[in-house]
Structures are given as structure tokens and as C-alpha cells.
$ cat start.cif   # mmCIF, C-alpha atoms
data_run
loop_
_atom_site.label_atom_id
_atom_site.label_comp_id
_atom_site.auth_asym_id
_atom_site.auth_seq_id
_atom_site.Cartn_x
_atom_site.Cartn_y
_atom_site.Cartn_z
CA MET Z 910 136.28 147.14 144.41
CA GLN Z 911 134.50 143.85 143.87
CA VAL Z 912 135.05 140.24 144.99
CA LYS Z 913 137.66 138.75 142.67
CA VAL Z 914 136.81 135.17 141.69
CA ARG Z 915 139.12 132.75 139.88
CA LEU Z 916 137.55 129.75 138.14
CA HIS Z 917 139.18 126.70 136.51
CA ASN Z 918 138.61 124.48 133.47
CA PRO Z 919 138.95 126.81 131.65
CA ARG Z 920 140.87 129.20 133.88
CA ARG Z 921 139.16 132.62 134.01
CA ASP Z 922 138.60 135.53 136.39
CA LEU Z 923 135.34 137.24 137.34
CA GLU Z 924 134.37 140.13 139.56
CA ILE Z 925 131.21 139.88 141.66
CA GLU Z 926 129.63 142.57 143.78
CA GLY Z 927 129.88 141.92 147.51
CA PRO Z 928 128.99 141.31 150.21
CA ILE Z 929 127.83 137.81 149.29
CA THR Z 930 127.98 134.46 151.09
CA ILE Z 931 129.81 131.53 149.54
CA ILE Z 932 126.56 129.60 149.23
CA ASN Z 933 124.88 132.46 147.37
CA LEU Z 934 127.94 133.02 145.19
CA LEU Z 935 127.97 129.38 144.09
CA ALA Z 936 124.23 129.50 143.44
CA ARG Z 937 124.64 132.67 141.35
CA LEU Z 938 127.36 130.94 139.29
CA ASP Z 939 125.20 127.81 139.02
CA LEU Z 940 127.90 125.67 140.65
CA ASN Z 941 127.14 122.54 142.64
CA ARG Z 942 128.57 122.73 146.18
CA GLU Z 943 129.44 119.04 146.00
CA ALA Z 944 131.78 119.68 143.08
CA VAL Z 945 133.87 122.63 144.26
CA LEU Z 946 135.81 124.09 147.18
CA VAL Z 947 136.39 127.77 147.82
CA VAL Z 948 139.94 128.77 148.71
CA ARG Z 949 141.24 132.14 149.98
CA ASP Z 950 144.94 132.66 150.66
CA GLY Z 951 145.49 128.91 150.62
CA GLU Z 952 142.75 128.17 153.17
CA LEU Z 953 139.25 126.73 152.82
CA VAL Z 954 136.35 129.16 153.17
CA PRO Z 955 133.15 127.71 154.71
CA GLY Z 956 129.80 128.04 152.93
CA ASP Z 957 128.21 130.45 155.38
CA GLU Z 958 131.06 132.98 155.24
CA SER Z 959 130.30 136.35 153.68
CA LEU Z 960 132.77 137.78 151.17
CA SER Z 961 133.43 141.49 151.07
CA ASP Z 962 134.49 143.64 148.15
CA ASP Z 963 138.21 143.35 148.84
CA ASP Z 964 138.23 139.53 148.94
CA SER Z 965 139.98 137.46 146.30
CA ILE Z 966 139.00 133.79 146.12
CA GLU Z 967 139.52 130.70 143.99
CA ILE Z 968 136.68 128.30 143.21
CA ARG Z 969 138.49 125.01 142.81
CA PRO Z 970 136.84 122.06 141.05
CA VAL Z 971 137.20 118.73 142.82
CA ILE Z 972 135.89 116.41 140.12
CA SER Z 973 138.57 114.51 138.26
CA GLY Z 974 138.75 111.37 136.25
CA GLY Z 975 139.64 110.08 132.88
CA ALA Z 976 141.33 106.73 132.66
CA LEU Z 977 140.64 104.73 135.79
CA MET C 746 129.36 126.93 161.07
CA LYS C 747 130.84 125.23 164.13
CA CYS C 748 132.99 122.12 164.33
CA VAL C 749 130.95 119.12 165.47
CA THR C 750 133.83 118.01 167.68
CA CYS C 751 135.19 121.15 169.39
CA ARG C 752 132.54 123.82 168.56
CA GLY C 753 135.30 126.05 167.14
CA PRO C 754 134.95 127.73 163.72
CA ALA C 755 134.45 125.11 160.99
CA ILE C 756 136.20 125.19 157.61
CA ILE C 757 134.17 122.52 155.82
CA ASP C 758 130.72 121.00 155.90
CA ILE C 759 130.14 117.36 155.03
CA ARG C 760 126.45 117.15 154.41
CA ARG C 761 126.18 113.37 154.14
CA HIS C 762 127.50 113.15 157.71
CA ASN C 763 125.43 116.19 158.74
CA SER C 764 128.68 117.52 160.23
CA ASN C 765 131.05 120.49 160.05
CA PHE C 766 134.72 120.30 160.99
CA CYS C 767 137.57 122.62 161.90
CA ALA C 768 140.92 121.89 160.22
CA GLU C 769 142.27 119.71 163.03
CA HIS C 770 139.16 117.59 163.37
CA PHE C 771 138.65 117.33 159.62
CA ILE C 772 142.09 115.71 159.34
CA GLU C 773 141.12 113.37 162.19
CA GLN C 774 137.92 112.53 160.31
CA CYS C 775 139.92 111.64 157.18
CA HIS C 776 142.27 109.45 159.23
CA ARG C 777 139.27 107.74 160.83
CA GLN C 778 137.56 107.01 157.50
CA VAL C 779 140.71 105.60 155.88
CA ARG C 780 141.55 103.49 158.93
CA LYS C 781 137.98 102.18 158.93
CA ALA C 782 138.18 101.23 155.23
CA ILE C 783 141.52 99.44 155.72
CA GLU C 784 140.18 97.48 158.70
CA GLU C 785 136.64 96.83 157.47
CA PHE C 786 137.81 95.39 154.15
CA GLU C 787 141.02 93.83 155.58
CA MET C 788 143.09 95.65 152.96
CA PHE C 789 146.57 95.17 154.42
CA GLY C 790 148.53 94.91 157.63
CA PRO C 791 151.44 96.82 159.16
CA ASP C 792 154.05 94.43 157.76
CA ASP C 793 152.87 94.49 154.15
CA LYS C 794 155.05 96.17 151.54
CA LEU C 795 152.88 98.90 149.99
CA LEU C 796 153.08 100.62 146.60
CA VAL C 797 150.89 103.68 145.92
CA ALA C 798 150.00 104.60 142.33
CA VAL C 799 150.74 108.35 142.23
CA SER C 800 149.58 110.77 139.55
CA GLY C 801 150.35 114.11 141.21
CA GLY C 802 146.62 114.74 141.63
CA LYS C 803 144.71 115.20 144.87
CA ASP C 804 143.58 111.62 145.44
CA SER C 805 146.89 109.82 145.02
CA LEU C 806 148.84 112.39 147.04
CA ALA C 807 146.14 112.39 149.73
CA ILE C 808 146.18 108.60 150.16
CA TRP C 809 149.98 108.50 150.20
CA ASP C 810 150.00 111.20 152.88
CA LEU C 811 147.23 109.56 154.89
CA LEU C 812 149.03 106.21 154.89
CA VAL C 813 152.27 107.80 156.06
CA ASP C 814 150.35 109.70 158.76
CA LEU C 815 148.77 106.43 159.89
CA GLY C 816 152.21 104.87 160.28
CA TYR C 817 152.46 102.76 157.14
CA GLU C 818 155.58 102.63 154.97
CA ALA C 819 154.65 103.06 151.32
CA ASP C 820 156.58 103.77 148.12
CA GLY C 821 155.07 105.69 145.21
CA LEU C 822 154.85 104.75 141.53
CA TYR C 823 154.46 107.41 138.85
CA ILE C 824 153.68 106.53 135.21
CA GLY C 825 154.66 109.21 132.68
CA LEU C 826 152.16 109.08 129.84
CA GLY C 827 153.52 111.79 127.56
CA ILE C 828 150.41 113.99 127.69
CA GLY C 829 152.27 117.23 126.91
CA ASP C 830 152.66 119.83 129.64
CA TYR C 831 150.05 118.03 131.73
CA SER C 832 152.37 115.06 132.29
CA ASP C 833 155.37 117.29 132.97
CA THR C 834 153.45 119.22 135.62
CA SER C 835 151.95 116.12 137.22
CA LEU C 836 155.44 114.61 137.59
CA ASP C 837 156.66 117.83 139.22
CA HIS C 838 153.89 117.57 141.82
CA ALA C 839 154.57 113.89 142.52
CA ARG C 840 158.31 114.48 142.89
CA ALA C 841 157.84 117.56 145.08
CA TYR C 842 155.56 115.67 147.46
CA ALA C 843 157.88 112.64 147.65
CA HIS C 844 160.85 114.92 148.30
CA SER C 845 158.99 116.87 151.00
CA ARG C 846 158.23 113.69 152.94
CA ASP C 847 161.48 111.88 152.07
CA LEU C 848 159.58 109.09 150.33
CA ARG C 849 160.67 106.83 147.47
CA LEU C 850 159.03 107.52 144.10
CA ILE C 851 159.51 104.99 141.29
CA GLU C 852 159.12 106.53 137.82
CA VAL C 853 158.24 104.78 134.56
CA ASP C 854 158.17 106.93 131.43
CA VAL C 855 156.01 105.44 128.66
CA PRO C 856 157.35 107.52 125.73
CA SER C 857 161.02 106.82 126.41
CA THR C 858 160.45 103.20 127.44
CA PHE C 859 157.83 102.04 124.94
CA GLY C 860 158.15 104.57 122.12
CA PHE C 861 154.70 106.18 122.17
CA ASP C 862 152.71 108.79 124.05
CA ILE C 863 149.02 108.59 124.85
CA PRO C 864 147.71 111.31 122.46
CA ASN C 865 149.45 109.93 119.38
CA GLY C 866 149.72 106.30 120.38
CA SER C 867 145.99 106.00 121.06
CA ARG C 868 145.27 107.50 117.65
CA ALA C 869 147.63 105.05 115.93
CA ALA C 870 146.14 102.12 117.83
CA LYS C 871 142.59 103.35 117.11
CA ARG C 872 141.73 103.48 120.82
CA VAL C 873 140.17 106.42 122.64
CA PRO C 874 142.85 108.18 124.74
CA CYS C 875 141.34 107.26 128.13
CA SER C 876 141.22 103.61 127.06
CA ALA C 877 144.89 103.53 126.00
CA CYS C 878 145.87 105.45 129.12
CA GLY C 879 143.94 103.20 131.52
CA LEU C 880 145.23 100.06 129.82
CA SER C 881 148.84 101.29 130.03
CA LYS C 882 148.56 102.34 133.65
CA ARG C 883 146.91 99.09 134.80
CA HIS C 884 149.54 96.99 133.01
CA LEU C 885 152.48 99.00 134.36
CA PHE C 886 151.06 99.21 137.88
CA ASP C 887 150.78 95.41 137.94
CA GLU C 888 154.21 94.89 136.40
CA GLU C 889 156.04 97.26 138.75
CA ALA C 890 154.25 95.93 141.83
CA ILE C 891 155.18 92.34 141.00
CA LYS C 892 158.72 93.26 139.96
CA GLY C 893 159.32 95.24 143.14
CA GLY C 894 158.00 92.50 145.41
CA TYR C 895 155.18 94.66 146.78
CA ASP C 896 152.37 92.90 148.65
CA VAL C 897 149.73 95.48 147.81
CA LEU C 898 149.08 98.06 145.09
CA ILE C 899 147.12 101.03 146.41
CA THR C 900 145.11 103.36 144.18
CA GLY C 901 143.46 106.67 145.02
CA HIS C 902 139.95 105.74 143.92
CA ASN C 903 137.50 107.66 146.10
CA LEU C 904 133.78 107.36 146.80
CA ASP C 905 132.88 109.50 143.77
CA ASP C 906 135.03 107.36 141.47
CA GLU C 907 133.46 104.14 142.68
CA ALA C 908 129.90 105.49 142.61
CA ALA C 909 130.40 106.83 139.07
CA VAL C 910 131.83 103.56 137.78
CA LEU C 911 128.99 101.66 139.46
CA PHE C 912 126.49 104.07 137.92
CA GLY C 913 127.92 103.53 134.43
CA ASN C 914 128.13 99.77 134.76
CA THR C 915 124.58 99.60 136.11
CA LEU C 916 123.24 101.94 133.45
CA HIS C 917 124.57 99.60 130.77
CA TRP C 918 124.32 96.37 132.81
CA HIS C 919 127.95 95.43 132.39
CA THR C 920 127.44 92.60 134.84
CA GLU C 921 130.89 91.10 134.30
CA TYR C 922 132.40 94.32 135.70
CA LEU C 923 129.90 94.68 138.54
CA GLY C 924 131.17 91.49 140.18
CA ARG C 925 134.65 92.84 140.64
CA GLN C 926 133.95 96.44 141.54
CA LEU C 927 135.19 95.87 145.06
CA PRO C 928 137.48 97.82 147.42
CA VAL C 929 139.85 94.83 147.50
CA LEU C 930 140.87 92.54 144.68
CA PRO C 931 143.01 89.66 145.93
CA ALA C 932 146.36 88.79 144.34
CA ARG C 933 146.24 85.99 141.79
CA ASP C 934 147.88 84.66 138.63
CA GLY C 935 150.44 87.42 138.20
CA PHE C 936 148.19 90.24 139.46
CA PRO C 937 149.11 92.01 142.72
CA ARG C 938 146.58 92.56 145.49
CA LYS C 939 144.81 95.88 144.77
CA VAL C 940 143.04 98.05 147.30
CA LYS C 941 141.21 101.39 147.45
CA PRO C 942 141.46 102.89 150.95
CA LEU C 943 139.75 106.17 149.94
CA VAL C 944 136.35 104.60 149.25
CA ARG C 945 134.88 106.18 152.38
CA LEU C 946 135.97 109.72 151.37
CA ALA C 947 134.34 111.84 148.65
CA GLU C 948 136.66 113.65 146.29
CA ARG C 949 135.63 117.01 147.75
CA GLU C 950 137.13 115.69 150.97
CA THR C 951 140.37 114.44 149.41
CA ALA C 952 140.84 117.86 147.76
CA ALA C 953 140.06 119.58 151.07
CA TYR C 954 142.52 117.27 152.85
CA CYS C 955 145.31 118.36 150.47
CA ILE C 956 144.48 122.04 150.92
CA VAL C 957 144.38 121.78 154.70
CA LYS C 958 147.64 119.78 154.79
CA GLY C 959 149.34 122.17 152.34
CA ILE C 960 149.88 119.44 149.73
CA ASP C 961 150.45 121.09 146.35
CA TYR C 962 148.55 118.89 143.87
CA LEU C 963 147.77 119.27 140.18
CA VAL C 964 144.39 121.02 140.05
CA ASP C 965 143.82 121.06 136.29
CA GLU C 966 141.97 118.16 134.71
CA CYS C 967 143.71 115.92 132.17
CA PRO C 968 143.10 117.55 128.76
CA MET C 969 142.36 114.16 127.24
CA ALA C 970 139.49 113.49 129.68
CA ALA C 971 137.31 116.46 128.71
CA GLY C 972 133.80 115.32 127.86
CA ASN C 973 134.21 111.69 128.89
CA LYS C 974 131.30 109.68 130.26
CA HIS C 975 132.88 109.14 133.66
CA LEU C 976 132.85 112.88 134.34
CA SER C 977 129.26 113.18 133.18
CA TYR C 978 128.26 110.37 135.56
CA LYS C 979 129.98 112.19 138.41
CA ASN C 980 128.12 115.39 137.58
CA ALA C 981 124.81 113.52 137.48
CA LEU C 982 125.49 111.89 140.85
CA ASN C 983 126.48 115.23 142.37
CA GLU C 984 123.13 116.68 141.27
CA ILE C 985 121.43 113.86 143.14
CA GLU C 986 123.78 114.26 146.12
CA ALA C 987 122.95 117.97 146.38
CA MET C 988 119.26 117.10 146.71
CA SER C 989 119.81 113.99 148.82
CA PRO C 990 123.04 114.08 150.87
CA GLY C 991 124.43 110.59 151.33
CA ALA C 992 123.05 109.26 148.05
CA LYS C 993 126.48 108.35 146.64
CA HIS C 994 127.48 106.55 149.83
CA SER C 995 124.19 104.64 149.96
CA PHE C 996 124.46 103.70 146.28
CA TYR C 997 127.99 102.31 146.51
CA PHE C 998 127.97 100.76 149.98
CA GLY C 999 124.46 99.42 149.45
CA PHE C 1000 125.78 97.71 146.33
CA LEU C 1001 128.69 96.19 148.27
CA ASP C 1002 126.41 95.00 151.10
CA ARG C 1003 123.44 93.76 149.14
CA ALA C 1004 124.19 93.27 145.44
CA ALA C 1005 127.87 92.67 144.57
CA ALA C 1006 127.74 88.99 145.52
CA PHE C 1007 125.06 88.34 142.88
CA PHE C 1008 127.59 89.17 140.16
CA GLU C 1009 130.52 87.09 141.46
CA VAL C 1010 129.87 84.19 139.10
CA GLU C 1011 129.97 86.34 135.97
CA ALA C 1012 133.11 88.06 137.18
CA SER C 1013 134.82 84.74 137.79
CA ILE C 1014 133.83 83.43 134.33
CA ASP C 1015 135.34 86.56 132.82
CA ARG C 1016 138.64 85.80 134.58
CA GLU C 1017 138.94 82.20 133.39
CA GLY C 1018 141.43 81.05 130.81
CA LEU C 1019 144.30 83.31 131.80
CA GLY C 1020 147.70 82.45 130.41
CA ALA C 1021 151.02 84.25 130.11
CA CYS C 1022 151.55 86.82 127.37
CA ALA C 1023 154.03 85.39 124.83
CA SER C 1024 155.77 88.74 124.68
CA CYS C 1025 155.96 90.05 128.27
CA GLY C 1026 154.64 87.22 130.43
CA ALA C 1027 151.79 89.25 131.91
CA PRO C 1028 148.51 87.41 132.54
CA THR C 1029 146.17 87.55 129.55
CA THR C 1030 143.35 85.66 127.89
CA SER C 1031 145.04 86.11 124.48
CA GLU C 1032 148.38 84.98 123.15
CA ILE C 1033 149.65 88.57 123.33
CA CYS C 1034 148.36 90.88 126.09
CA ALA C 1035 146.46 94.07 125.28
CA PHE C 1036 149.35 96.30 126.38
CA CYS C 1037 151.88 94.56 124.14
CA ARG C 1038 149.41 94.85 121.24
CA LEU C 1039 149.08 98.57 122.00
CA VAL C 1040 152.88 98.95 122.04
CA ASP C 1041 153.12 97.06 118.78
CA ARG C 1042 150.57 99.33 117.07
CA ALA C 1043 151.50 102.61 118.75
CA GLY C 1044 155.27 102.27 119.12
CA GLY C 1045 157.19 104.97 117.26
CA GLN C 1046 154.31 107.46 117.54
CA LEU C 1047 156.31 110.32 119.00
CA PRO C 1048 155.93 113.39 116.81
CA GLU C 1049 157.11 116.82 117.89
CA ARG C 1050 155.54 118.05 121.11
CA THR C 1051 153.15 120.85 120.38
CA GLY C 1052 150.99 120.63 123.50
CA VAL C 1053 147.71 118.83 123.86
CA SER C 1054 144.32 120.38 123.33
CA ALA C 1055 141.09 119.19 124.92
CA VAL C 1056 139.29 116.51 122.98
CA SER C 1057 135.95 114.82 123.47
CA VAL C 1058 136.23 111.10 124.01
CA ASP C 1059 133.90 108.16 124.39
CA LEU C 1060 134.99 105.76 127.12
CA GLY C 1061 132.75 102.94 126.03
CA PRO C 1062 132.08 100.40 128.79
CA THR C 1063 132.94 101.82 132.18
CA ARG C 1064 135.80 99.82 133.65
CA THR C 1065 137.13 100.04 137.12
CA GLY C 1066 140.74 100.94 137.73
CA SER C 1067 141.32 97.55 139.23
CA VAL C 1068 140.05 95.34 136.47
CA GLN C 1069 141.93 92.08 136.48
#
$ encode --input "start.cif" --output "C-alpha cells"
Amino acid sequence: MQVKVRLHNPRRDLEIEGPITIINLLARLDLNREAVLVVRDGELVPGDESLSDDDSIEIRPVISGGAL
Amino acid sequence: MKCVTCRGPAIIDIRRHNSNFCAEHFIEQCHRQVRKAIEEFEMFGPDDKLLVAVSGGKDSLAIWDLLVDLGYEADGLYIGLGIGDYSDTSLDHARAYAHSRDLRLIEVDVPSTFGFDIPNGSRAAKRVPCSACGLSKRHLFDEEAIKGGYDVLITGHNLDDEAAVLFGNTLHWHTEYLGRQLPVLPARDGFPRKVKPLVRLAERETAAYCIVKGIDYLVDECPMAAGNKHLSYKNALNEIEAMSPGAKHSFYFGFLDRAAAFFEVEASIDREGLGACASCGAPTTSEICAFCRLVDRAGGQLPERTGVSAVSVDLGPTRTGSVQ
């Protein structure tokens, strides 16, 4: 079992070895913490939380904007 | 992480405030920031008739929800732009939210009303998609607000939007736009009053607000926006923000406090000479307004729907959503 990670734009799924904190996961994926939120079962997961191998999370982008 | 208010487990950190919040106190924080923006910039009062521009995305649904929570009565306005499945899904989200809160949602469908959609119409009119889309939305927002007798048109522009537009306009010294990049644009000459009550919230916070409140918003980005300059400016500013929390806030609010007034004259010159469009009556500096010219060139551009793929676009000069 590994941490299941869903990413958007484009939508894709990854598996990462746990345990790993949200902050370290985002750093490993080279994602800016200002530009994403981490969601598990519909709830926000704080940056210092550690994910275990049976966790399934979504890394949701928050940046939007085309025609203003 | 502990909530700065109650010391319970926090769900989000907001580094520019050097604060963490639990769900309850994060919602309170959002209420506080929107209330402060409304009061500080004298956006509207309790008796004003409010219209919220709603896209089905996080910002527009968040501001509609926040206003209702704060006790305001506000209707929603959705503009269907014919961007394949993206538009269909965004309408579903807007309708679902309105239904869940028993709110009125006005719908205007560009393809069925004006005979073009954004992907094909922009190509026919030789405009980049984001330009044709922004032009159409601004025109129809104004028109529907005036037609419906609304006192104020509310848009979901957040701190990141405003900082990115300011960044682009400063980078290219579009001084005529800098003078009107304000949280409030007063009503005048056929334009409704326009306000941006989310300017004190970053878009990470508006997205978090929707998640905490259980608001189902459209997460995917518009396929036409991929690669545009506005998004690249946001990414650049977020790199700076990560190294220096509060940079976006300081950039935008510092501009409002200490620089915007220097550009008022150029902005006012740019607004002079407005007359009524000979076709639709909307305010314009030409005989025919830009939207009617777009309709004239793009009308009839409705080929079979085959979905929309991502395209790279060049926005050109960075305009605000409230350009008048």
C-alpha cells in the first residue's frame, strides 16, 4: 500500500511511499503551497499532517483565471 | 498546527497573517475580511439591490455564499459562453448552488442568443479566446445589471486576481488601466457600480472556504485559458509569496494606498468621449460597441460540438474585469 495522490490539470493519479507530511509531499512534487490545497474525504488536510500508506488524497489547484 | 483563536486542531495555515485556523474560525476569518472590504471601500449598503456574476467556480460561489451569510440579498447572473463541456459543467455547478440556497440565478446563453460560441466566434473575429470571452462577459454583466435595476454588480475577483493584473499592467506600464484598477468603480454613463468584495482574500482561501462549507464548485480550469499570461503572472507572484508571505497583499494594497491616485488622470482621459452604441445603446467610444462588432463578425459560428481542447493564448494588455 502507498499514499494515493490525485492531481489535476491534467487529471492523473500517483502513488507515493508513506509516511510523509503534506509539506514534504508538496516539496517532493515541486508544488507551491500557495497554489494548492490538499483534500481527504472532502476535508482540508493541514500542512504538518503526516500521511500513511492507506491514505488517499487530492491535491487541488487553486489558481484560476482566463478572461477577467 | 493549532487554531490561533481556539487552540483546537487547525485545518489551514495562512502564512501572510502568520495564523492557523480551525474550520469554524476560518469561516469567521473569511466573513471578517469580506465585511472589512465592503466597509473600508464603501462598496454597498444593506438596501442596495445586488447582482453577483457567477461562473460556477470557487470565487463567484464563495462571494455569493459569503454575502448571503452576511445577511445581504443577492441574485446571481450566469453567462453561458459555449465552451463545450466546460460551460455545461459550470452551469450545473451554478444552478446546483442557487437551488441549494433557494437563490435566484439569471442565465444568459451566448450561443443561442447571439449565434456564436467563444472557441469559434473568437477565431472568426480574429480575437484571442480570453479577449472575446472577457469582452462578452463585461458587456452582458453591464447590460443585465442595468436591465434588472440592480444597484451593484459584484464580481469574484480575489487578491491573487488583482495582484496579477496589477503585475501585468505594471510590467508593461499600461498606465491607463492602472488608474481604474480599484475595488470599486462607481456607476456612470450606462455602466453599473462594480465592486470586488474578495480583494482581501487570496484564492487559496476562497477555494478552502468552498471546501469547508461543502460548496461543490468547478475545479477544472477553463480549457481556453491554458498558457495565458494572467496565469503565468499568478505563478510568478506565488513564487515570491512563498519566499515572502504577504508580498501579494503589500503589492496590491500598497498600490491602492500610495500609487493608484497618480494614474487617475490617464484613466479619466481614457473614459472621455463615451456615446451610445448605434446598435445596442451600450456606452462606447465608437459608433458601434466592441461587443456588437464581435457579434457581427462571429455570429453564425456554431459548428458541431466536438469538445474543446487546450490552446495557448496571448492575452495582450492585461485588463481588469471591471474595465469601463
$ resolve_selection --input "start.cif" --expression "the PyMOL selection byres ((chain Z) within 8 of (chain C))" --output "list in words"
His917, Asn918, Asn941, Arg942, Glu943, Ala944, Val945, Leu946, Gly951, Glu952, Leu953, Val954, Pro955, Gly956, Asp957, Arg969, Pro970, Val971, Ile972, Ser973, Gly974, Gly975, Ala976 and Leu977 of chain Z
$ atom_distance --input "start.cif" --atom1 "CA of Gly801 (chain C)" --atom2 "CA of Ser845 (chain C)"
13.3 Å
$ resolve_selection --input "start.cif" --expression "the PyMOL selection byres ((chain Z and resi 926) around 6)" --output "VMD selection string"
chain Z and resid 911 925 927
$ residues_near_point --input "start.cif" --point "(124.8, 98.2, 140.7)" --cutoff "6 Å" --atoms "only C-alpha atoms" --output "VMD selection string"
chain C and resid 911 915 1000
$ resolve_selection --input "start.cif" --expression "the PyMOL selection byres ((chain Z and resi 964) around 8)" --output "list in words"
Gln911, Val912, Lys913, Leu960, Ser961, Asp962, Asp963, Ser965 and Ile966 of chain Z
$ write_last_selection --input "start.cif" --atoms "C-alpha atoms" --output "short mmCIF file (atom, residue, chain, number, x, y, z; two decimals), in the frame of the given file"
data_model
loop_
_atom_site.label_atom_id
_atom_site.label_comp_id
_atom_site.auth_asym_id
_atom_site.auth_seq_id
_atom_site.Cartn_x
_atom_site.Cartn_y
_atom_site.Cartn_z
CA GLN Z 911 134.50 143.85 143.87
CA VAL Z 912 135.05 140.24 144.99
CA LYS Z 913 137.66 138.75 142.67
CA LEU Z 960 132.77 137.78 151.17
CA SER Z 961 133.43 141.49 151.07
CA ASP Z 962 134.49 143.64 148.15
CA ASP Z 963 138.21 143.35 148.84
CA SER Z 965 139.98 137.46 146.30
CA ILE Z 966 139.00 133.79 146.12
#
$ residues_around --input "start.cif" --residues "region 807-821 of chain C" --least-positions-apart "6" --cutoff "6 Å" --atoms "all atoms listed in the file" --output "PyMOL selection string"
chain C and resi 795-799+849-851
$ build_atoms --input "start.cif" --residues "region 916-938 of chain Z" --atoms "N, CA and C atoms" --output "PDB file, keeping the file's coordinate frame"
ATOM      1  N   LEU Z 916     138.171 131.042 138.465  1.00  0.00           N
ATOM      2  CA  LEU Z 916     137.550 129.750 138.140  1.00  0.00           C
ATOM      3  C   LEU Z 916     138.512 128.925 137.288  1.00  0.00           C
ATOM      4  N   HIS Z 917     138.301 127.613 137.265  1.00  0.00           N
ATOM      5  CA  HIS Z 917     139.180 126.700 136.510  1.00  0.00           C
ATOM      6  C   HIS Z 917     138.373 125.974 135.423  1.00  0.00           C
ATOM      7  N   ASN Z 918     139.151 125.377 134.516  1.00  0.00           N
ATOM      8  CA  ASN Z 918     138.610 124.480 133.470  1.00  0.00           C
ATOM      9  C   ASN Z 918     137.470 125.091 132.665  1.00  0.00           C
ATOM     10  N   PRO Z 919     137.679 126.137 131.886  1.00  0.00           N
ATOM     11  CA  PRO Z 919     138.950 126.810 131.650  1.00  0.00           C
ATOM     12  C   PRO Z 919     139.209 127.871 132.719  1.00  0.00           C
ATOM     13  N   ARG Z 920     140.498 128.205 132.871  1.00  0.00           N
ATOM     14  CA  ARG Z 920     140.870 129.200 133.880  1.00  0.00           C
ATOM     15  C   ARG Z 920     140.380 130.583 133.448  1.00  0.00           C
ATOM     16  N   ARG Z 921     139.681 131.292 134.336  1.00  0.00           N
ATOM     17  CA  ARG Z 921     139.160 132.620 134.010  1.00  0.00           C
ATOM     18  C   ARG Z 921     138.895 133.376 135.307  1.00  0.00           C
ATOM     19  N   ASP Z 922     138.818 134.689 135.214  1.00  0.00           N
ATOM     20  CA  ASP Z 922     138.600 135.530 136.390  1.00  0.00           C
ATOM     21  C   ASP Z 922     137.321 136.335 136.229  1.00  0.00           C
ATOM     22  N   LEU Z 923     136.580 136.467 137.326  1.00  0.00           N
ATOM     23  CA  LEU Z 923     135.340 137.240 137.340  1.00  0.00           C
ATOM     24  C   LEU Z 923     135.400 138.239 138.488  1.00  0.00           C
ATOM     25  N   GLU Z 924     134.551 139.240 138.425  1.00  0.00           N
ATOM     26  CA  GLU Z 924     134.370 140.130 139.560  1.00  0.00           C
ATOM     27  C   GLU Z 924     132.889 140.166 139.897  1.00  0.00           C
ATOM     28  N   ILE Z 925     132.597 139.962 141.184  1.00  0.00           N
ATOM     29  CA  ILE Z 925     131.210 139.880 141.660  1.00  0.00           C
ATOM     30  C   ILE Z 925     131.019 140.920 142.756  1.00  0.00           C
ATOM     31  N   GLU Z 926     129.883 141.556 142.755  1.00  0.00           N
ATOM     32  CA  GLU Z 926     129.630 142.570 143.780  1.00  0.00           C
ATOM     33  C   GLU Z 926     129.372 141.916 145.135  1.00  0.00           C
ATOM     34  N   GLY Z 927     130.067 142.410 146.154  1.00  0.00           N
ATOM     35  CA  GLY Z 927     129.880 141.920 147.510  1.00  0.00           C
ATOM     36  C   GLY Z 927     129.042 142.895 148.317  1.00  0.00           C
ATOM     37  N   PRO Z 928     128.696 142.588 149.558  1.00  0.00           N
ATOM     38  CA  PRO Z 928     128.990 141.310 150.210  1.00  0.00           C
ATOM     39  C   PRO Z 928     128.079 140.192 149.703  1.00  0.00           C
ATOM     40  N   ILE Z 929     128.608 138.981 149.729  1.00  0.00           N
ATOM     41  CA  ILE Z 929     127.830 137.810 149.290  1.00  0.00           C
ATOM     42  C   ILE Z 929     128.382 136.579 150.010  1.00  0.00           C
ATOM     43  N   THR Z 930     127.505 135.691 150.431  1.00  0.00           N
ATOM     44  CA  THR Z 930     127.980 134.460 151.090  1.00  0.00           C
ATOM     45  C   THR Z 930     128.471 133.484 150.028  1.00  0.00           C
ATOM     46  N   ILE Z 931     129.290 132.561 150.463  1.00  0.00           N
ATOM     47  CA  ILE Z 931     129.810 131.530 149.540  1.00  0.00           C
ATOM     48  C   ILE Z 931     128.644 130.752 148.920  1.00  0.00           C
ATOM     49  N   ILE Z 932     127.688 130.383 149.748  1.00  0.00           N
ATOM     50  CA  ILE Z 932     126.560 129.600 149.230  1.00  0.00           C
ATOM     51  C   ILE Z 932     125.813 130.374 148.142  1.00  0.00           C
ATOM     52  N   ASN Z 933     125.581 131.666 148.380  1.00  0.00           N
ATOM     53  CA  ASN Z 933     124.880 132.460 147.370  1.00  0.00           C
ATOM     54  C   ASN Z 933     125.725 132.703 146.131  1.00  0.00           C
ATOM     55  N   LEU Z 934     127.049 132.844 146.329  1.00  0.00           N
ATOM     56  CA  LEU Z 934     127.940 133.020 145.190  1.00  0.00           C
ATOM     57  C   LEU Z 934     127.898 131.788 144.282  1.00  0.00           C
ATOM     58  N   LEU Z 935     127.986 130.607 144.889  1.00  0.00           N
ATOM     59  CA  LEU Z 935     127.970 129.380 144.090  1.00  0.00           C
ATOM     60  C   LEU Z 935     126.626 129.218 143.372  1.00  0.00           C
ATOM     61  N   ALA Z 936     125.548 129.588 144.072  1.00  0.00           N
ATOM     62  CA  ALA Z 936     124.230 129.500 143.440  1.00  0.00           C
ATOM     63  C   ALA Z 936     124.143 130.472 142.255  1.00  0.00           C
ATOM     64  N   ARG Z 937     124.688 131.687 142.431  1.00  0.00           N
ATOM     65  CA  ARG Z 937     124.640 132.670 141.350  1.00  0.00           C
ATOM     66  C   ARG Z 937     125.429 132.190 140.131  1.00  0.00           C
ATOM     67  N   LEU Z 938     126.532 131.459 140.389  1.00  0.00           N
ATOM     68  CA  LEU Z 938     127.360 130.940 139.290  1.00  0.00           C
ATOM     69  C   LEU Z 938     126.871 129.577 138.802  1.00  0.00           C
TER      70      LEU Z 938
END
